[in-house]
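Undergrad: After the structure tokens below, expect a handful of questions from me.
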Amino acid sequence: MSKPSARYRRIILKISGESLCPPGGFGLQRAALDRIAAEIGEVVALGVQVAVVVGGGNFLRGANVADDLGVARATADYMGMLATVLNALALQEALERNGHPVRVQNALTIERVGEPFDRRRCLRHLEKGRVVILGGGTGNPHVTTDSCASIRGIELGVDVLLKGTKVDGVYDDDPARNPDAKLFETVTHEQIVNGRLRVMDLGAIEMCEQYRLPVIVFNLFKPGTLRRIILGEPLGTRVSPA
Ligand code: UDP
């Protein structure tokens with residue numbers, strides 16, 4: 001039987017730190033790591049090249065902790081970037097346990113725990129079928145890993161940025177608070193920017209708009225959704241250029 005055919009050749013997947021810990025919890029959980037690794041593995045098995053950007057919110061987000069800890073915002077952001085490296089290392093092992101070749105490339109230089117990010121080397125790994133986990137965000141404070149996903153997605157020439165979330169896609173209101181919030185099947189980058197719809201950081205979505213990189217916002221917590229999207233099913237919300 002022939003392999004089902006993937007719609008995309010190369011993708012960048014943004015996952016939040018929260019997807020790697022118990023629901024509503026903190027830190028890391030093996031079951032969560034294995035689940036995400038399996039979701040990624042299903043897509044790799046389709047022959048898709050996968051770069052993964054991991055967040056660090058299961059440990060900390062700079063904007064939330066700087067004041068509480070009495071540290072400069074930039075310091076808190078570097079702490080957040082280090083948190084993403086913790087997640088990258090844990091996810092790397094989970095993928096390996098599931099039999100998938102994988103490399104971590106970090107934007108912060110800590111070479112004993114991963115390669116430094118190198119675009120050409122990253123592309124080579126991807127072409128060889130290795131998953132590349134991008135740790136350390138952009139390496140710069142005052143942005144989040146959403147910006148990392150946009151920048152790296154563009155420089156790696158991906159076909160689409162997949163943003164995994166806790167909800168089914170982009171809504172006209174917060175679905176956690178408003179049960180009548182309407183889910184968009186498709187939306188333009190411009191509509192998101194102008195309507196201040198909560199999808200990802202404004203700067204990140206503006207960059208995707210500028211470079212015409214499509215984004216699909218989907219529910220990472222519904223098993224199999226990622227694979228189904230890769231196979232072309234219209235799940236989640238597709239963000240396309242106008
Ligand atoms: N961060 C940063 N620069 C980056 C990426 C991340 O300063 O390029 C910091 C920032 O404080 C951020 C934290 O790392 O809040 C964790 O990343 P993020 O909030 O994107 O994690 P997520 O919410 O996706 O788990």
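Letters A, B, ... go to the chains of the structure tokens in the order shown; residues in each chain start at 1; ligands are counted from 1 in the same order.
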Taking the backbone alone, and naming residues the way the document does, which bits of region 48-218 of chain A are alpha helix (DSSP H) by DSSP, as a PyMOL selection string?

TA: chain A and resi 62-69+73-97+119-127+145-155+189-195+202-210

Undergrad: Could you name the residues that touch region 155-170 of chain A at 7 Å or less, counting only C-alpha atoms, but leaving out those on the same chain fewer than 4 positions away, as a list in words?

TA: Tyr8, Arg9, Arg10, Ile11, Ile12, Leu13, Lys14, Ile15, Arg119, Leu123, Ile151, Leu183, Phe184, Val199, Leu213, Pro214, Val215, Ile216, Val217, Phe218, Asn219, Leu220, Phe221, Gly236 and Thr237 of chain A

Undergrad: Kindly compile the residues surrounding ligand 1 within 9 Å, counting only C-alpha atoms and all ligand atoms, and format them as number ranges by chain.

TA: A: 14-19, 53-66, 73-84, 107, 135-148

Undergrad: Please measure the separation of CA of Arg30 (chain A) and CA of Val132 (chain A), giving the value in Å to one decimal.

TA: 19.8 Å

Undergrad: Near Glu190 (chain A), within 8 Å and counting only C-alpha atoms, which residues show up once chain neighbours fewer than 6 positions away are dropped, as a list in words?

TA: Glu209, Pro241 and Ala242 of chain A

Undergrad: Give me, as a tab-separated table, the closest atom pair and its distance (Å, one decimal) for every residue of region 62-170 of chain A within a cut-off of 8 Å of region 40-45 of chain A, counting only C-alpha atoms, rows sorted by chain and rising number.

TA:
residue	atom	partner	partner_atom	distance
A:Leu95	CA	A:Gly41	CA	7.4
A:Asn98	CA	A:Gly41	CA	7.6
A:His100	CA	A:Gly41	CA	6.9
A:Gly129	CA	A:Val44	CA	7.4
A:Val131	CA	A:Val44	CA	7.7

Undergrad: Would you save the residues from that selection as a CSV table (one decimal), in the first residue's frame, using N, CA, C and O atoms?

TA:
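Done, and the output landed in part18.csv:
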chain,number,residue,atom,x,y,z
A,95,LEU,N,11.8,11.9,21.5
A,95,LEU,CA,11.8,11.5,20.1
A,95,LEU,C,12.8,10.3,19.9
A,95,LEU,O,12.4,9.4,19.1
A,98,ASN,N,11.3,7.1,20.8
A,98,ASN,CA,10.3,6.7,19.8
A,98,ASN,C,11.0,6.3,18.5
A,98,ASN,O,10.3,6.1,17.5
A,100,HIS,N,13.2,8.2,16.5
A,100,HIS,CA,13.3,9.2,15.5
A,100,HIS,C,14.7,9.9,15.6
A,100,HIS,O,15.0,10.4,16.7
A,129,GLY,N,16.2,13.8,7.1
A,129,GLY,CA,15.1,13.3,7.8
A,129,GLY,C,15.2,13.4,9.3
A,129,GLY,O,14.4,12.7,10.1
A,131,VAL,N,14.6,15.3,12.8
A,131,VAL,CA,13.8,16.4,13.4
A,131,VAL,C,14.9,17.3,14.0
A,131,VAL,O,15.9,16.9,14.6

Undergrad: Check region 86-194 of chain A with DSSP on the backbone and list each residue it calls strand (DSSP E or B), as an NGL selection string.

TA: :A and (102-106 or 115-116 or 131-135 or 160-165 or 171 or 183 or 186-188)

Undergrad: Just give me the gap between CA of Ala31 (chain A) and CA of Gln92 (chain A) in Å, one decimal is fine.

TA: 14.2 Å

Undergrad: Ranking A:Leu69, A:Leu202, A:Pro4, A:Leu134 by minimum distance to Gly153 (chain A) and counting only C-alpha atoms, which one comes first?

TA: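 Among A:Leu69, A:Leu202, A:Pro4, A:Leu134, it is A:Leu134 that comes nearest to Gly153 (chain A).
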
Undergrad: From the list A:Val239, A:Ala72, A:Ile229, A:Ala149, which residue is nearest Asp201 (chain A) when using only C-alpha atoms?

TA: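 Of A:Val239, A:Ala72, A:Ile229, A:Ala149, the one nearest Asp201 (chain A) is A:Ala149, counting only C-alpha atoms.
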
Undergrad: Near Arg112 (chain A), counting only C-alpha atoms, which residues have an atom at most 12 Å away, once you skip same-chain residues fewer than 6 positions from it, shown as a PyMOL selection string?

TA: chain A and resi 85+89+104-106

Undergrad: Please compute the CA of Ala204 (chain A)-CA of Ser150 (chain A) distance, one decimal, in Å.

TA: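 Separating CA of Ala204 (chain A) from CA of Ser150 (chain A) is a distance of 5.7 Å.
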